[in-house]
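The structure file work.txt is reproduced below (compact mmCIF, C-alpha atoms).
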```
# COMPACT_ATOMS: atom_id res chain seq x y z
CA GLN A 1 164.01 103.18 289.31
CA VAL A 2 163.88 100.75 286.40
CA VAL A 3 166.77 98.33 285.81
CA VAL A 4 166.81 96.76 282.34
CA CYS A 5 168.75 93.57 281.57
CA ILE A 6 169.73 92.95 277.94
CA PRO A 7 170.99 89.37 277.46
CA ASP A 8 173.81 88.22 275.18
CA ILE A 9 175.27 91.62 274.33
CA ALA A 10 178.78 90.16 274.44
CA SER A 11 179.90 86.60 273.75
CA ILE A 12 181.51 84.39 276.36
CA ASP A 13 184.78 84.54 274.40
CA GLU A 14 184.68 88.35 274.46
CA CYS A 15 183.99 88.37 278.20
CA ASP A 16 186.82 85.92 278.84
CA THR A 17 189.23 88.07 276.82
CA LEU A 18 188.35 91.22 278.75
CA PHE A 19 188.42 89.37 282.09
CA ASP A 20 191.86 87.90 281.35
CA ALA A 21 193.18 91.32 280.30
CA ALA A 22 191.93 92.86 283.55
CA LEU A 23 193.57 90.09 285.58
CA ASP A 24 196.85 90.73 283.76
CA ALA A 25 196.53 94.42 284.65
CA CYS A 26 195.99 93.45 288.30
CA ASP A 27 199.30 91.56 288.29
CA ASP A 28 201.15 94.83 287.63
CA ARG A 29 199.87 96.69 290.66
CA GLY A 30 200.25 96.47 294.42
CA PRO A 31 197.68 96.07 297.21
CA VAL A 32 194.28 97.65 296.66
CA ALA A 33 191.68 99.16 298.95
CA ARG A 34 188.33 97.47 299.52
CA GLY A 35 189.42 94.45 297.47
CA ARG A 36 188.69 96.33 294.25
CA SER A 37 190.86 97.25 291.26
CA ARG A 38 189.64 99.63 288.55
CA PHE A 39 191.23 100.20 285.15
CA SER A 40 190.24 102.80 282.58
CA VAL A 41 189.77 101.11 279.23
CA SER A 42 191.65 104.01 277.59
CA ASP A 43 194.71 103.56 279.83
CA PRO A 44 197.49 102.22 277.56
CA THR A 45 199.45 100.98 280.57
CA ALA A 46 196.58 98.61 281.39
CA PHE A 47 195.09 97.53 278.05
CA SER A 48 196.09 97.00 274.44
CA ASN A 49 194.37 98.58 271.45
CA ASP A 50 192.61 95.26 270.81
CA ILE A 51 190.92 95.47 274.22
CA VAL A 52 189.88 99.08 273.59
CA LEU A 53 188.36 98.12 270.23
CA SER A 54 186.50 95.19 271.78
CA CYS A 55 185.02 97.40 274.50
CA ASP A 56 184.06 99.97 271.87
CA GLU A 57 182.27 97.33 269.79
CA ILE A 58 180.41 95.92 272.79
CA LEU A 59 179.30 99.36 273.98
CA LEU A 60 178.04 100.22 270.50
CA ARG A 61 175.87 97.09 270.56
CA VAL A 62 174.31 98.29 273.80
CA LEU A 63 173.68 101.77 272.43
CA ASP A 64 172.19 100.34 269.22
CA HIS A 65 169.86 98.13 271.25
CA ILE A 66 168.69 101.08 273.35
CA ASP A 67 168.23 103.31 270.31
CA GLU A 68 166.21 100.65 268.47
CA HIS A 69 164.17 99.10 271.28
CA ILE A 70 163.96 101.85 273.93
CA PRO A 71 164.09 105.12 271.92
CA SER A 72 162.45 106.99 274.80
CA VAL A 73 165.81 106.86 276.62
CA TYR A 74 167.35 109.19 274.04
CA GLU A 75 164.28 111.38 273.81
CA THR A 76 163.92 111.76 277.59
CA LEU A 77 167.48 111.78 278.91
CA PHE A 78 169.85 112.72 276.08
CA LYS A 79 168.14 114.84 273.39
CA PRO A 80 168.68 118.59 273.93
CA SER A 81 165.37 120.32 274.65
CA ASP A 82 163.85 122.94 276.92
CA GLY A 83 163.17 120.34 279.61
CA TRP A 84 166.49 118.49 279.38
CA ALA A 85 167.97 119.75 282.67
CA SER A 86 164.85 118.96 284.69
CA ARG A 87 164.96 115.31 283.56
CA GLN A 88 168.57 114.71 284.60
CA PRO A 89 169.57 112.96 287.82
CA LEU A 90 170.93 115.09 290.63
CA ASN A 91 174.67 115.71 290.38
CA ALA A 92 177.24 114.73 293.01
CA GLN A 93 176.44 117.93 294.93
CA LEU A 94 172.78 116.82 295.00
CA GLU A 95 171.82 119.71 292.75
CA GLN A 96 169.71 119.66 289.61
CA PRO A 97 171.89 120.37 286.55
CA THR A 98 171.13 123.76 285.02
CA VAL A 99 173.38 123.96 281.94
CA PRO A 100 171.80 122.16 278.96
CA PRO A 101 173.60 120.72 275.91
CA LEU A 102 174.07 122.93 272.88
CA ASP A 103 170.90 123.09 270.78
CA HIS A 104 172.59 122.03 267.54
CA LEU A 105 173.13 118.51 268.91
CA ALA A 106 169.42 117.81 268.53
CA GLU A 107 169.87 118.30 264.78
CA THR A 108 173.25 116.62 264.26
CA CYS A 109 172.82 113.63 266.61
CA ASP A 110 169.42 111.93 266.64
CA CYS A 111 170.35 108.93 268.82
CA ILE A 112 172.76 107.95 271.60
CA ARG A 113 175.05 106.13 269.14
CA GLU A 114 175.60 109.35 267.20
CA LEU A 115 176.32 111.32 270.38
CA TYR A 116 178.93 108.67 271.25
CA MET A 117 180.51 108.63 267.80
CA MET A 118 180.69 112.44 267.71
CA GLY A 119 182.34 112.67 271.14
CA GLU A 120 179.34 114.46 272.62
CA LEU A 121 179.06 112.44 275.84
CA GLU A 122 180.30 113.25 279.34
CA TRP A 123 181.61 110.26 281.32
CA SER A 124 182.04 109.36 284.96
CA GLU A 125 185.64 109.64 286.16
CA GLY A 126 187.94 107.19 284.41
CA GLU A 127 185.15 105.41 282.58
CA PRO A 128 184.53 103.32 280.54
CA ALA A 129 186.38 101.02 282.92
CA ILE A 130 186.82 97.42 283.95
CA ASN A 131 186.52 96.61 287.67
CA VAL A 132 187.92 93.50 289.33
CA TYR A 133 186.74 92.37 292.78
CA GLU A 134 188.70 89.81 294.77
CA SER A 135 187.56 87.97 297.90
CA GLU A 136 185.84 90.46 300.25
CA GLY A 137 186.00 93.08 297.50
CA TYR A 138 183.05 95.44 297.15
CA PHE A 139 181.87 98.85 295.91
CA GLY A 140 179.87 100.76 298.51
CA ALA A 141 176.35 102.06 297.91
CA HIS A 142 176.31 105.09 295.62
CA LYS A 143 174.55 106.84 292.74
CA ASP A 144 176.26 107.52 289.44
CA HIS A 145 174.70 111.01 288.96
CA LEU A 146 174.73 110.78 285.14
CA ALA A 147 171.89 110.00 282.76
CA LEU A 148 172.62 106.30 282.19
CA THR A 149 174.85 103.50 283.42
CA VAL A 150 175.79 100.38 281.45
CA LEU A 151 177.20 97.47 283.48
CA ILE A 152 178.28 94.22 281.79
CA PRO A 153 179.43 91.25 283.93
CA LEU A 154 182.54 89.54 282.58
CA ALA A 155 182.74 86.72 285.15
CA SER A 156 180.29 83.93 285.88
CA PRO A 157 178.49 83.73 289.26
CA LEU A 158 178.29 79.97 288.69
CA GLU A 159 181.99 79.38 288.02
CA ASP A 160 184.18 82.35 288.98
CA PHE A 161 182.90 83.79 292.26
CA ALA A 162 180.47 83.44 295.16
CA GLY A 163 178.57 86.33 296.72
CA GLY A 164 178.94 89.56 294.78
CA GLY A 165 176.44 90.84 292.25
CA THR A 166 174.96 94.33 292.00
CA GLY A 167 172.59 95.40 294.74
CA PHE A 168 169.82 97.92 294.02
CA TRP A 169 167.69 99.97 296.43
CA ALA A 170 164.21 101.02 295.29
CA GLY A 171 163.19 104.64 295.73
CA ASN A 172 165.43 106.73 293.47
CA ARG A 173 165.75 110.18 295.14
CA ASP A 174 163.90 108.97 298.22
CA VAL A 175 166.94 106.80 299.01
CA ASP A 176 170.32 108.44 299.61
CA GLU A 177 173.82 107.01 299.14
CA ASN A 178 173.87 105.65 302.68
CA PRO A 179 170.79 103.41 302.57
CA GLN A 180 169.50 101.67 305.65
CA GLY A 181 169.06 97.93 305.36
CA PRO A 182 169.92 95.48 302.58
CA PRO A 183 169.26 96.18 298.90
CA THR A 184 165.80 95.63 297.49
CA MET A 185 167.29 93.18 295.01
CA THR A 186 170.68 91.83 294.00
CA LEU A 187 171.27 90.86 290.38
CA LYS A 188 173.89 88.41 289.12
CA PRO A 189 173.26 88.12 285.39
CA SER A 190 175.30 85.82 283.20
CA PRO A 191 178.48 87.15 281.55
CA GLY A 192 177.78 89.27 278.49
CA SER A 193 174.43 90.58 279.73
CA ALA A 194 174.03 94.34 280.07
CA LEU A 195 172.34 96.03 283.03
CA ILE A 196 171.00 99.51 282.20
CA PHE A 197 169.83 102.01 284.84
CA GLY A 198 169.63 105.71 285.59
CA GLY A 199 171.83 107.98 287.66
CA ASP A 200 169.40 108.42 290.57
CA VAL A 201 169.38 104.67 291.33
CA THR A 202 171.27 103.74 294.51
CA HIS A 203 173.32 100.58 293.91
CA SER A 204 176.44 98.79 295.09
CA GLY A 205 178.92 96.08 294.18
CA MET A 206 178.04 93.47 296.79
CA PRO A 207 180.92 91.81 298.70
CA VAL A 208 182.52 88.84 296.97
CA GLN A 209 182.80 85.85 299.29
CA GLU A 210 185.35 83.97 297.23
CA GLY A 211 186.80 83.96 293.75
CA LEU A 212 187.08 86.89 291.33
CA ARG A 213 184.30 89.04 289.88
CA SER A 214 184.75 91.53 287.03
CA VAL A 215 182.50 94.01 285.21
CA PHE A 216 182.79 96.43 282.30
CA VAL A 217 181.06 99.65 283.34
CA CYS A 218 180.40 103.18 282.16
CA SER A 219 178.09 106.04 283.14
CA PHE A 220 177.41 108.94 280.79
CA SER A 221 175.25 111.94 279.91
CA THR A 222 175.01 114.33 276.98
CA ARG A 223 177.95 116.72 276.94
CA THR A 224 177.23 120.32 277.97
CA PRO A 225 179.33 123.52 278.09
CA ALA A 226 179.73 122.83 281.83
CA SER A 227 181.28 119.37 281.30
CA ALA A 228 184.83 119.06 282.62
CA GLU A 229 187.47 118.43 279.95
CA ASP A 230 188.81 115.35 281.75
CA ARG A 231 185.36 113.73 281.52
CA LEU A 232 185.06 113.87 277.71
CA HIS A 233 187.68 111.33 276.61
CA GLY A 234 185.59 108.16 276.51
CA MET A 235 187.82 105.47 275.02
CA GLN A 236 189.77 107.90 272.85
CA ALA A 237 192.60 109.11 275.09
CA PRO A 238 194.37 108.24 278.37
CA PRO A 239 192.25 109.54 281.28
CA LEU A 240 193.16 111.70 284.22
CA VAL A 241 191.99 109.86 287.33
CA SER A 242 192.42 110.18 291.08
CA PRO A 243 193.98 107.54 293.36
CA ASN A 244 190.48 107.04 294.76
CA PHE A 245 189.27 105.90 291.33
CA LYS A 246 192.05 103.32 291.01
CA GLY A 247 191.43 101.94 294.50
CA SER A 248 195.16 102.07 295.35
CA MET A 249 196.11 101.85 299.00
```
Show me, as structure tokens, the structure contained in the file I just sent.
Amino acid sequence: QVVVCIPDIASIDECDTLFDAALDACDDRGPVARGRSRFSVSDPTAFSNDIVLSCDEILLRVLDHIDEHIPSVYETLFKPSDGWASRQPLNAQLEQPTVPPLDHLAETCDCIRELYMMGELEWSEGEPAINVYESEGYFGAHKDHLALTVLIPLASPLEDFAGGGTGFWAGNRDVDENPQGPPTMTLKPSPGSALIFGGDVTHSGMPVQEGLRSVFVCSFSTRTPASAEDRLHGMQAPPLVSPNFKGSM
């Protein structure tokens, strides 16, 4: 149930560029549910190649930081081994994964960056993505059910919005996706910081009171033979996503 905050992963200019691109994408769509719009970074109808490349560069900085400063994340959660499945978060069906990655990945990819570069990661639906929350917009309490989540705020809690932030409930598997009571803590880091946490952590996008909040987010695990084909694209190809992902009404 650890949440790590890495400061200054992205510059203010980079955050502003991504935020502005997401707002432009919002202009091209109709009403949304729950005050939240979500856009896959790999969706060419939403973002240009320059935005994709910027997101790719920022994510690589995060992965490099984890690989260098917290190597146990790769060793524990991503490296194929006999105990890999037992160390994964429960899946969306609340079951322990049973199909491990292929053994050869332990020899060909010795860090998370290499798994990413070789296309050996499984992603949450439609992610990496950029979310935009308008007034009263929120993302209900949930778990991501994959090994790791990276969340990077693009908007400033001091200038762009009031309320909001990411709420976290302590307890991991002892807390379900319908927690009772308020979150244990709510974090509102400055734009360009990266929040890192595991897939058993219950969290939510807290309601925005006014203004606009935006985050770059992705959840991922090591690819396995059981991974669905539409969860392997990363930022390389247009994704297949459901209306529920997009938040369309």
Each stretch 74-161 of chain A residue no farther than 12 Å from stretch 43-48 of chain A, nearest pair in Å, all atoms listed in the file, as CSV:
```
residue,atom,partner,partner_atom,distance
A:Gly126,CA,A:Asp43,CA,8.9
A:Glu127,CA,A:Asp43,CA,10.1
A:Pro128,CA,A:Asp43,CA,10.2
A:Ala129,CA,A:Asp43,CA,9.2
A:Ile130,CA,A:Phe47,CA,10.2
```
Per residue of stretch 26-109 of chain A within 10 Å of stretch 166-189 of chain A, record the nearest atom pair and its distance in Å to one decimal, counting all atoms listed in the file, with rows in chain order and ascending residue number, as a tab-separated table.
```
residue	atom	partner	partner_atom	distance
A:Pro89	CA	A:Arg173	CA	8.7
A:Leu90	CA	A:Arg173	CA	8.4
A:Leu94	CA	A:Arg173	CA	9.7
```
Inset, instruction - Quick one: everything within 9 Å of stretch 132-136 of chain A, counting only C-alpha atoms, minus sequence neighbours fewer than 2 positions away in the same chain. Send it as a PyMOL selection string. - result: chain A and resi 19+22-23+26+34-39+130+138-139+161-162+164+205+207-215
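Distance check against A:Pro97 using all atoms listed in the file: of A:His203, A:His233, A:Arg61, A:His145, the minimum falls on A:His145.
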Inset, instruction - Using all atoms listed in the file, give me every residue within 7 Å of (176.8, 122.5, 279.5) in file coordinates, as a count of residues only. - result: 8
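Proximity to A:Ile70 was assessed for A:Pro243, A:Pro31, A:Gly198, A:Val4 counting all atoms listed in the file; the smallest distance is recorded for A:Val4.
Between atom CA of A:Asp20 and atom CA of A:Leu154 the separation is 9.5 Å.
The coordinates place atom CA of A:Gly163 at 24.7 Å from atom CA of A:Asp200.
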Legend entry - stretch 7-12 of chain A surroundings by only C-alpha atoms, 10 Å radius, close-in-sequence under 4 positions cut, as a list in words: Asp16, Thr17, Leu18, Ser54, Cys55, Glu57, Ile58, Leu59, Leu60, Arg61, Val62, His65, Ile152, Pro153, Leu154, Ala155, Ser156, Pro189, Ser190, Pro191, Gly192, Ser193, Ala194 and Leu195 of chain A
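Among the candidates A:Gln1, A:Asn91, A:Gln236, A:Ser40, the one nearest to A:Glu125 when counting all atoms listed in the file is A:Ser40.
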Legend entry - Long-range neighbours of A:Phe220 as an MDAnalysis selection string, 6 Å cut-off, all atoms listed in the file, 3 positions minimum in chain: chainID A and resid 122:123 146:148
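When atom CA of A:Tyr74 is paired with atom CA of A:Ala106, their separation reads 10.4 Å.
Nearest to A:Glu107 of all the residues A:Ser81, A:Met206, A:Lys143, A:Gly165 is A:Ser81, based on only C-alpha atoms.
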Axis-aligned box for stretch 43-55 of chain A, 8 Å per side, centre and edges in Å as lines of an AutoDock Vina configuration file:
```
center_x = 192.2
center_y = 99.4
center_z = 275.8
size_x = 30.4
size_y = 24.4
size_z = 27.2
```
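Minimum atom-to-atom distance to A:Thr149, evaluated using all atoms listed in the file, belongs to A:Val3 out of A:Ala92, A:Cys15, A:Val3, A:Val32.
In terms of minimum interatomic distance to A:Leu77, A:Thr222 ranks closest within A:Glu159, A:Leu121, A:Thr222, A:Asp103, counting only C-alpha atoms.
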For stretch 196-207 of chain A, where the input has fewer atoms than it should, I would like all heavy atoms rebuilt and written as an mmCIF file, in the coordinates of the input.
```
data_model
loop_
_atom_site.group_PDB
_atom_site.id
_atom_site.type_symbol
_atom_site.label_atom_id
_atom_site.label_comp_id
_atom_site.auth_asym_id
_atom_site.auth_seq_id
_atom_site.Cartn_x
_atom_site.Cartn_y
_atom_site.Cartn_z
ATOM 1 N N ILE A 196 171.159 98.096 282.556
ATOM 2 C CA ILE A 196 171.000 99.510 282.200
ATOM 3 C C ILE A 196 170.143 100.175 283.268
ATOM 4 O O ILE A 196 169.047 99.693 283.576
ATOM 5 C CB ILE A 196 170.305 99.670 280.834
ATOM 6 C CG1 ILE A 196 170.910 98.727 279.797
ATOM 7 C CG2 ILE A 196 170.348 101.116 280.388
ATOM 8 C CD1 ILE A 196 172.326 99.030 279.447
ATOM 9 N N PHE A 197 170.622 101.297 283.829
ATOM 10 C CA PHE A 197 169.830 102.010 284.840
ATOM 11 C C PHE A 197 170.254 103.462 284.905
ATOM 12 O O PHE A 197 171.296 103.859 284.379
ATOM 13 C CB PHE A 197 169.947 101.337 286.209
ATOM 14 C CG PHE A 197 171.358 101.073 286.677
ATOM 15 C CD1 PHE A 197 172.018 101.987 287.485
ATOM 16 C CD2 PHE A 197 172.017 99.900 286.330
ATOM 17 C CE1 PHE A 197 173.319 101.753 287.924
ATOM 18 C CE2 PHE A 197 173.311 99.645 286.771
ATOM 19 C CZ PHE A 197 173.965 100.577 287.563
ATOM 20 N N GLY A 198 169.424 104.265 285.544
ATOM 21 C CA GLY A 198 169.630 105.710 285.590
ATOM 22 C C GLY A 198 170.467 106.177 286.763
ATOM 23 O O GLY A 198 170.711 105.435 287.728
ATOM 24 N N GLY A 199 170.881 107.445 286.703
ATOM 25 C CA GLY A 199 171.830 107.980 287.660
ATOM 26 C C GLY A 199 171.291 108.301 289.025
ATOM 27 O O GLY A 199 172.061 108.641 289.939
ATOM 28 N N ASP A 200 169.972 108.222 289.240
ATOM 29 C CA ASP A 200 169.400 108.420 290.570
ATOM 30 C C ASP A 200 169.232 107.097 291.331
ATOM 31 O O ASP A 200 168.778 107.100 292.479
ATOM 32 C CB ASP A 200 168.035 109.104 290.469
ATOM 33 C CG ASP A 200 168.146 110.620 290.339
ATOM 34 O OD1 ASP A 200 169.089 111.197 290.921
ATOM 35 O OD2 ASP A 200 167.304 111.218 289.652
ATOM 36 N N VAL A 201 169.576 105.983 290.702
ATOM 37 C CA VAL A 201 169.380 104.670 291.330
ATOM 38 C C VAL A 201 170.546 104.366 292.273
ATOM 39 O O VAL A 201 171.710 104.346 291.860
ATOM 40 C CB VAL A 201 169.275 103.561 290.261
ATOM 41 C CG1 VAL A 201 169.173 102.188 290.921
ATOM 42 C CG2 VAL A 201 168.067 103.801 289.355
ATOM 43 N N THR A 202 170.245 104.137 293.541
ATOM 44 C CA THR A 202 171.270 103.740 294.510
ATOM 45 C C THR A 202 171.602 102.268 294.303
ATOM 46 O O THR A 202 170.711 101.415 294.264
ATOM 47 C CB THR A 202 170.787 103.969 295.942
ATOM 48 O OG1 THR A 202 170.493 105.368 296.125
ATOM 49 C CG2 THR A 202 171.853 103.562 296.958
ATOM 50 N N HIS A 203 172.900 101.954 294.187
ATOM 51 C CA HIS A 203 173.320 100.580 293.910
ATOM 52 C C HIS A 203 174.704 100.352 294.509
ATOM 53 O O HIS A 203 175.387 101.298 294.928
ATOM 54 C CB HIS A 203 173.330 100.297 292.409
ATOM 55 C CG HIS A 203 174.263 101.188 291.639
ATOM 56 N ND1 HIS A 203 173.996 102.521 291.405
ATOM 57 C CD2 HIS A 203 175.466 100.946 291.049
ATOM 58 C CE1 HIS A 203 174.989 103.054 290.713
ATOM 59 N NE2 HIS A 203 175.901 102.118 290.491
ATOM 60 N N SER A 204 175.123 99.110 294.537
ATOM 61 C CA SER A 204 176.440 98.790 295.090
ATOM 62 C C SER A 204 176.964 97.500 294.466
ATOM 63 O O SER A 204 176.185 96.663 293.979
ATOM 64 C CB SER A 204 176.367 98.619 296.616
ATOM 65 O OG SER A 204 175.683 97.422 296.948
ATOM 66 N N GLY A 205 178.289 97.359 294.484
ATOM 67 C CA GLY A 205 178.920 96.080 294.180
ATOM 68 C C GLY A 205 178.964 95.283 295.466
ATOM 69 O O GLY A 205 179.706 95.618 296.397
ATOM 70 N N MET A 206 178.151 94.231 295.548
ATOM 71 C CA MET A 206 178.040 93.470 296.790
ATOM 72 C C MET A 206 179.325 92.686 297.075
ATOM 73 O O MET A 206 180.037 92.282 296.150
ATOM 74 C CB MET A 206 176.838 92.528 296.714
ATOM 75 C CG MET A 206 175.515 93.251 296.449
ATOM 76 S SD MET A 206 175.101 94.448 297.739
ATOM 77 C CE MET A 206 174.660 93.326 299.080
ATOM 78 N N PRO A 207 179.661 92.468 298.358
ATOM 79 C CA PRO A 207 180.920 91.810 298.700
ATOM 80 C C PRO A 207 181.043 90.412 298.084
ATOM 81 O O PRO A 207 180.108 89.616 298.125
ATOM 82 C CB PRO A 207 180.868 91.732 300.232
ATOM 83 C CG PRO A 207 179.949 92.839 300.636
ATOM 84 C CD PRO A 207 178.912 92.912 299.552
#
```
